[in-house]
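*Asks:* Structure file structure-v3.cif, mmCIF, C-alpha atoms, is pasted below:
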data_input
#
loop_
_atom_site.label_atom_id
_atom_site.label_comp_id
_atom_site.auth_asym_id
_atom_site.auth_seq_id
_atom_site.Cartn_x
_atom_site.Cartn_y
_atom_site.Cartn_z
CA MET B 23 -1.72 3.90 -7.97
CA THR B 24 -2.60 4.02 -4.30
CA ALA B 25 -6.01 2.56 -4.99
CA LYS B 26 -4.47 -0.32 -6.89
CA ARG B 27 -2.04 -1.12 -4.07
CA GLY B 28 -4.92 -1.06 -1.64
CA THR B 29 -6.73 -3.88 -3.43
CA LEU B 30 -3.84 -6.30 -4.00
CA TRP B 31 -4.53 -8.22 -0.78
CA LYS B 32 -8.11 -8.97 -1.72
CA THR B 33 -8.29 -12.43 -3.29
CA SER B 34 -11.11 -13.39 -5.64
CA TRP B 35 -12.44 -15.60 -2.79
CA ARG B 36 -12.82 -12.60 -0.47
CA ARG B 37 -14.35 -10.41 -3.16
CA GLN B 38 -17.13 -12.93 -3.69
CA LYS B 39 -18.16 -13.07 -0.04
CA PRO B 40 -20.96 -10.79 1.15
CA GLU B 41 -20.53 -9.05 4.46
CA ILE B 42 -21.14 -11.25 7.51
CA GLY B 43 -24.62 -10.72 8.85
CA ALA B 44 -25.96 -9.35 5.59
CA GLY B 45 -29.00 -11.58 6.08
CA GLN B 46 -29.52 -12.32 2.41
CA ARG B 47 -32.31 -14.89 2.03
CA VAL B 48 -32.21 -17.58 -0.63
CA PRO B 49 -35.02 -20.10 -1.34
CA MET B 50 -33.73 -23.68 -0.98
CA TRP B 51 -35.13 -27.22 -0.78
CA PHE B 52 -34.59 -29.20 2.42
CA PHE B 53 -35.42 -32.75 3.46
CA SER B 54 -37.16 -32.76 6.84
CA GLY B 55 -39.32 -34.83 9.18
CA PHE B 56 -37.67 -38.20 8.57
CA THR B 57 -37.63 -39.40 12.17
CA VAL B 58 -39.70 -39.15 15.33
CA LEU B 59 -38.33 -40.71 18.52
CA SER B 60 -37.46 -44.36 17.82
CA SER B 61 -38.96 -44.78 14.35
CA GLY B 62 -38.44 -43.10 11.03
CA LEU B 63 -36.76 -43.11 7.65
CA LEU B 64 -33.27 -42.42 6.39
CA TYR B 65 -31.34 -42.62 3.14
CA GLU B 66 -28.68 -45.35 3.17
CA GLN B 67 -26.23 -46.52 0.55
CA PRO B 68 -26.72 -50.27 -0.07
CA LEU B 69 -22.99 -51.07 0.09
CA ALA B 70 -20.26 -50.01 2.51
CA ALA B 71 -17.91 -49.44 -0.44
CA PRO B 72 -17.24 -47.64 -2.66
CA SER B 73 -18.13 -44.68 -0.49
CA ILE B 74 -16.69 -41.63 1.25
CA GLY B 75 -14.09 -42.66 3.84
CA ASP B 76 -14.38 -46.37 3.09
CA ALA B 77 -10.59 -46.82 3.03
CA ALA B 78 -7.49 -45.06 4.29
CA PRO B 79 -7.43 -41.25 4.03
CA PRO B 80 -7.53 -38.86 2.31
CA PHE B 81 -11.23 -38.09 1.95
CA TRP B 82 -13.52 -35.09 2.18
CA VAL B 83 -17.24 -34.50 2.68
CA GLY B 84 -19.08 -31.21 2.37
CA THR B 85 -22.70 -30.46 3.23
CA ILE B 86 -25.34 -27.79 3.49
CA GLN B 87 -27.44 -28.42 6.58
CA GLY B 88 -29.95 -26.15 8.24
CA SER B 89 -31.77 -25.40 11.46
CA TYR B 90 -35.12 -23.74 12.08
CA LEU B 91 -33.75 -22.48 15.42
CA LEU B 92 -36.92 -23.72 17.07
CA PRO B 93 -37.04 -24.66 20.77
CA VAL B 94 -36.15 -28.33 20.22
CA THR B 95 -33.04 -29.46 22.07
CA GLY B 96 -30.62 -31.38 19.91
CA ALA B 97 -32.48 -30.97 16.62
CA SER B 98 -30.02 -32.12 14.00
CA SER B 99 -29.38 -32.96 10.39
CA LEU B 100 -26.81 -35.68 10.08
CA VAL B 101 -24.72 -37.59 7.59
CA GLY B 102 -22.27 -40.19 8.70
CA ARG B 103 -20.92 -43.64 9.28
CA SER B 104 -19.35 -45.29 12.31
CA THR B 105 -15.92 -43.77 11.67
CA TRP B 106 -16.95 -40.21 10.85
CA VAL B 107 -20.02 -38.07 11.48
CA GLN B 108 -21.00 -34.59 10.37
CA ASP B 109 -23.88 -32.87 12.10
CA LEU B 110 -25.62 -29.60 12.90
CA LYS B 111 -27.23 -29.00 16.29
CA TRP B 112 -29.47 -26.25 17.64
CA LEU B 113 -29.22 -26.14 21.42
CA PRO B 114 -31.73 -23.68 22.87
CA ALA B 115 -31.21 -22.46 26.40
CA PRO B 116 -33.49 -24.18 28.96
CA ILE B 117 -36.12 -21.87 30.42
CA SER B 118 -34.97 -22.82 33.91
CA ASN B 119 -31.38 -21.90 33.12
CA PRO B 120 -31.37 -19.08 30.57
CA ILE B 121 -27.97 -19.12 28.89
CA VAL B 122 -27.02 -18.14 25.37
CA ASP B 123 -28.63 -20.32 22.71
CA LEU B 124 -26.13 -22.25 20.61
CA LEU B 125 -26.01 -23.40 17.02
CA LYS B 126 -23.11 -25.84 16.59
CA ALA B 127 -21.41 -27.46 13.67
CA PHE B 128 -20.37 -30.92 14.77
CA ALA B 129 -17.96 -33.50 13.42
CA SER B 130 -16.46 -36.59 14.94
CA ILE B 131 -13.66 -38.82 13.67
CA GLN B 132 -13.45 -42.19 15.40
CA GLY B 133 -14.81 -40.72 18.61
CA VAL B 134 -12.80 -37.47 18.62
CA GLN B 135 -15.22 -34.55 18.54
CA MET B 136 -15.11 -31.10 16.97
CA ASP B 137 -18.06 -28.82 17.76
CA PRO B 138 -17.48 -25.11 17.06
CA VAL B 139 -20.28 -22.64 17.75
CA VAL B 140 -21.79 -21.14 14.59
CA ASN B 141 -22.72 -17.48 14.26
CA GLN B 142 -26.52 -17.25 14.09
CA LEU B 143 -26.29 -13.86 12.33
CA ASN B 144 -29.67 -12.26 13.01
CA PRO B 145 -31.53 -14.40 15.57
CA PRO B 146 -34.20 -15.14 16.35
CA LEU B 147 -35.09 -16.40 12.90
CA SER B 148 -38.71 -17.01 12.05
CA PRO B 149 -39.96 -20.61 11.72
CA VAL B 150 -39.94 -20.25 7.94
CA GLN B 151 -36.42 -18.87 7.78
CA VAL B 152 -33.44 -21.20 8.07
CA ARG B 153 -29.82 -20.68 9.07
CA ALA B 154 -27.97 -22.67 6.40
CA VAL B 155 -24.52 -23.87 7.47
CA VAL B 156 -21.95 -25.03 4.92
CA GLN B 157 -19.40 -27.48 6.31
CA MET B 158 -16.50 -29.44 4.93
CA LEU B 159 -14.62 -32.18 6.78
CA VAL B 160 -11.19 -33.02 5.33
CA VAL B 161 -9.26 -36.06 6.57
CA GLU B 162 -5.68 -36.71 5.45
CA PRO B 163 -2.76 -38.97 6.41
CA TYR B 164 -0.46 -37.38 8.99
CA LEU B 165 2.68 -39.07 10.37
CA THR B 166 1.55 -42.42 11.85
CA GLY B 167 -2.10 -41.40 11.97
CA PHE B 168 -4.32 -38.76 10.40
CA ARG B 169 -5.34 -35.11 10.61
CA ALA B 170 -8.96 -33.95 10.40
CA THR B 171 -9.93 -30.36 9.62
CA LEU B 172 -13.43 -28.92 9.93
CA TRP B 173 -14.23 -25.93 7.74
CA VAL B 174 -17.44 -24.00 8.49
CA ASP B 175 -18.79 -21.25 6.22
CA GLY B 176 -15.47 -21.00 4.41
CA THR B 177 -13.18 -20.83 7.46
CA VAL B 178 -11.12 -23.45 9.30
CA ARG B 179 -12.81 -23.82 12.68
CA GLU B 180 -11.03 -26.80 14.25
CA THR B 181 -8.26 -29.32 13.55
CA ILE B 182 -7.45 -32.55 15.35
CA VAL B 183 -4.55 -34.99 14.99
CA LYS B 184 -4.62 -38.67 15.95
CA LYS B 185 -1.47 -40.79 16.17
CA THR B 186 -3.33 -44.04 15.48
CA PRO B 187 -4.23 -44.91 11.87
CA TYR B 188 -7.70 -44.25 10.54
CA GLY B 189 -9.72 -47.47 10.66
CA PRO B 190 -12.58 -47.58 8.15
CA ALA B 191 -15.67 -49.43 9.29
CA LEU B 192 -18.13 -51.69 7.51
CA LEU B 193 -21.19 -49.53 8.18
CA LYS B 194 -22.88 -47.78 5.28
CA LEU B 195 -23.13 -44.07 4.60
CA ARG B 196 -26.40 -42.63 5.84
CA ILE B 197 -28.24 -39.36 5.34
CA GLU B 198 -30.48 -38.70 8.34
CA PRO B 199 -32.42 -35.42 8.19
CA SER B 200 -33.88 -36.34 11.58
CA ARG B 201 -35.57 -33.32 13.21
CA GLY B 202 -33.31 -30.92 11.37
CA LEU B 203 -32.87 -30.00 7.72
CA PHE B 204 -30.68 -31.51 5.01
CA ASN B 205 -30.05 -29.81 1.67
CA SER B 206 -27.06 -31.49 0.01
CA LEU B 207 -23.84 -33.46 0.30
CA ALA B 208 -20.75 -34.00 -1.82
CA GLY B 209 -17.52 -35.83 -1.12
CA GLY B 210 -14.87 -38.22 -2.28
CA ASN B 211 -11.73 -40.16 -1.45
CA ALA B 212 -9.21 -37.52 -2.41
CA LEU B 213 -7.43 -34.56 -0.80
CA PRO B 214 -8.62 -31.15 -2.02
CA THR B 215 -6.13 -28.29 -2.07
CA THR B 216 -6.77 -25.12 -0.06
CA GLN B 217 -7.66 -23.32 -3.28
CA GLU B 218 -10.09 -26.08 -4.26
CA ILE B 219 -11.74 -25.88 -0.82
CA GLN B 220 -12.14 -22.11 -1.08
CA ASP B 221 -13.49 -22.44 -4.61
CA TRP B 222 -15.90 -25.13 -3.37
CA PHE B 223 -17.34 -22.87 -0.66
CA SER B 224 -17.84 -20.09 -3.19
CA ALA B 225 -19.36 -22.36 -5.85
CA THR B 226 -21.63 -24.05 -3.29
CA ARG B 227 -22.88 -20.79 -1.80
CA TYR B 228 -23.51 -19.07 -5.13
CA ALA B 229 -24.93 -21.95 -7.14
CA ASN B 230 -28.46 -21.30 -8.32
CA PRO B 231 -29.94 -22.62 -6.12
CA PRO B 232 -27.16 -23.18 -3.54
CA ALA B 233 -26.11 -26.84 -3.18
CA ALA B 234 -22.96 -28.81 -2.35
CA GLN B 235 -20.91 -28.85 -5.52
CA ALA B 236 -18.49 -31.41 -6.93
CA ILE B 237 -14.73 -30.87 -6.87
CA PRO B 238 -13.61 -31.86 -10.38
CA GLY B 239 -11.83 -35.22 -10.38
CA LYS B 240 -12.22 -35.62 -6.61
CA THR B 241 -15.93 -36.38 -6.11
CA SER B 242 -17.51 -39.83 -5.87
CA ASP B 243 -20.79 -39.01 -4.10
CA ARG B 244 -23.21 -36.13 -4.46
CA TYR B 245 -26.80 -35.86 -3.23
CA ASP B 246 -29.16 -32.88 -3.40
CA ALA B 247 -32.73 -32.37 -2.17
CA GLY B 248 -33.17 -29.72 -4.86
CA ILE B 249 -32.98 -32.10 -7.85
CA THR B 250 -36.53 -33.31 -7.11
CA PRO B 251 -38.30 -30.16 -5.84
CA GLY B 252 -41.08 -30.98 -3.39
CA VAL B 253 -40.56 -34.74 -3.77
CA VAL B 254 -38.88 -37.26 -1.44
CA PRO B 255 -37.53 -39.71 -4.03
CA ASN B 256 -36.78 -43.37 -3.50
CA PRO B 257 -33.93 -43.89 -4.18
CA LEU B 258 -32.04 -40.60 -3.92
CA ILE B 259 -29.92 -40.36 -7.07
CA ASN B 260 -26.16 -39.95 -6.75
CA GLN B 261 -25.26 -37.10 -9.11
CA ALA B 262 -21.58 -38.07 -9.08
CA GLY B 263 -22.31 -41.52 -10.48
CA GLY B 264 -21.82 -43.45 -7.23
CA GLN B 265 -24.38 -45.47 -5.30
CA ALA B 266 -27.99 -44.31 -5.28
CA ALA B 267 -29.39 -44.24 -1.72
CA PRO B 268 -32.74 -45.96 -1.12
CA LEU B 269 -35.07 -44.98 1.73
CA VAL B 270 -34.75 -47.33 4.71
CA SER B 271 -37.35 -47.67 7.46
CA PHE B 272 -36.44 -48.38 11.08
CA GLY B 273 -38.28 -48.91 14.34
CA LEU B 274 -41.94 -49.06 15.30
CA PRO B 275 -44.60 -47.68 14.93
CA PRO B 276 -44.68 -46.94 11.17
CA PRO B 277 -42.44 -44.01 10.22
CA PRO B 278 -43.82 -40.50 9.62
CA VAL B 279 -44.21 -39.06 6.16
CA PRO B 280 -41.04 -37.07 5.35
CA ALA B 281 -41.05 -33.84 3.39
CA ASN B 282 -39.00 -31.90 0.86
CA ILE B 283 -39.85 -28.28 1.58
CA LEU B 284 -38.89 -24.90 0.14
CA LEU B 285 -37.60 -22.47 2.79
CA ASP B 286 -35.80 -19.14 2.86
CA ALA B 287 -32.23 -19.65 4.05
CA THR B 288 -29.70 -17.21 5.47
CA PHE B 289 -25.97 -17.92 5.03
CA GLY B 290 -23.02 -16.90 7.16
CA TYR B 291 -20.83 -15.83 4.25
#
What is this structure when it is put down as structure tokens?
*Replies:*
Amino acid sequence: MTAKRGTLWKTSWRRQKPEIGAGQRVPMWFFSGFTVLSSGLLYEQPLAAPSIGDAAPPFWVGTIQGSYLLPVTGASSLVGRSTWVQDLKWLPAPISNPIVDLLKAFASIQGVQMDPVVNQLNPPLSPVQVRAVVQMLVVEPYLTGFRATLWVDGTVRETIVKKTPYGPALLKLRIEPSRGLFNSLAGGNALPTTQEIQDWFSATRYANPPAAQAIPGKTSDRYDAGITPGVVPNPLINQAGGQAAPLVSFGLPPPPVPANILLDATFGY
């Protein structure tokens, strides 16, 4: 009887989570090497709508992004548009000013930033081992404006409230692996419940292989580097039935050759 009472507080969500810092490694596919300095490639939806966040809230977007944790300041893997951005940044300490290295989840909503520090678990990681970070940004109407909540590795890390209404822009959704790593994205113009968010983190982490999963009835866009192992497709197929995203070239000289590479990833939950 005592043993039963002692387990009542443990939800199914908590039971599925391995211990923090367990260092379990999972092979995953990541897009990488899309940009160098002022030239490169990115995936871009051809139309501004229909897309994630193309109208008034609510909307959500979840990603798996990764970092090598190499000594490259500001290395990032980014998805975004002019009104919202989701990012992952590795900020190594300068040799001349040795402070603690930082890995940050980053989101911005119409210029308001959220950038919590992410637990690196067992640094330093080797160049062939990746710290995979699972993020979800949820934006919902709130009074005269909106509320944005950033979840990282299954936990609410930051919330902001703006009194002015959300103003969707005309820019298109982009996926920019840049100098970082991009695994997958899912999102839609709907408000997930807390239970759906927790279920999403669990389903995303424990998919085989891990990838951003759809929330039933609330997903309009879903992209995954793992659906074409080792290949950088053009266009990138939208698994939720929305817009496919062609490769777009920008800048001079000619862009580098991007890659879709298999790496061992360590999760924070």
*Asks:* Tell me which of B:Ser54, B:Gln265, B:Ala229, B:Lys185 sits closest to B:Ala70, counting only C-alpha atoms.
*Replies:*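 Comparing B:Ser54, B:Gln265, B:Ala229, B:Lys185 against B:Ala70, the winner is B:Gln265.
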*Asks:* Applied to this file, what does the PyMOL selection byres ((chain B and resi 182) around 6) return in terms of residues, put as a PyMOL selection string?
*Replies:* chain B and resi 169-170+181+183
*Asks:* Write out as a VMD selection string which residues come within 8 Å of B:Phe81 when counting all atoms listed in the file, dropping same-chain ones fewer than 6 positions away.
*Replies:* chain B and resid 74 to 75 160 to 162 209 to 213
*Asks:* Calculate how many Å separate atom CA of B:Thr216 from atom CA of B:Thr177, rounding to one decimal.
*Replies:*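 Going from atom CA of B:Thr216 over to atom CA of B:Thr177, I get 10.8 Å.
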*Asks:* For B:Lys126, list every protein, DNA or RNA residue within 8 Å, evaluated using all atoms listed in the file, and leave out those in the same chain fewer than 4 positions away; present the list as a compact mmCIF listing (two decimals) with C-alpha atoms, in the coordinates of the input.
*Replies:*
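result.txt, freshly written:
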# COMPACT_ATOMS: atom_id res chain seq x y z
CA LEU B 110 -25.62 -29.60 12.90
CA LYS B 111 -27.23 -29.00 16.29
CA TRP B 112 -29.47 -26.25 17.64
CA LEU B 113 -29.22 -26.14 21.42
CA ASP B 137 -18.06 -28.82 17.76
CA PRO B 138 -17.48 -25.11 17.06
CA VAL B 139 -20.28 -22.64 17.75
CA VAL B 140 -21.79 -21.14 14.59
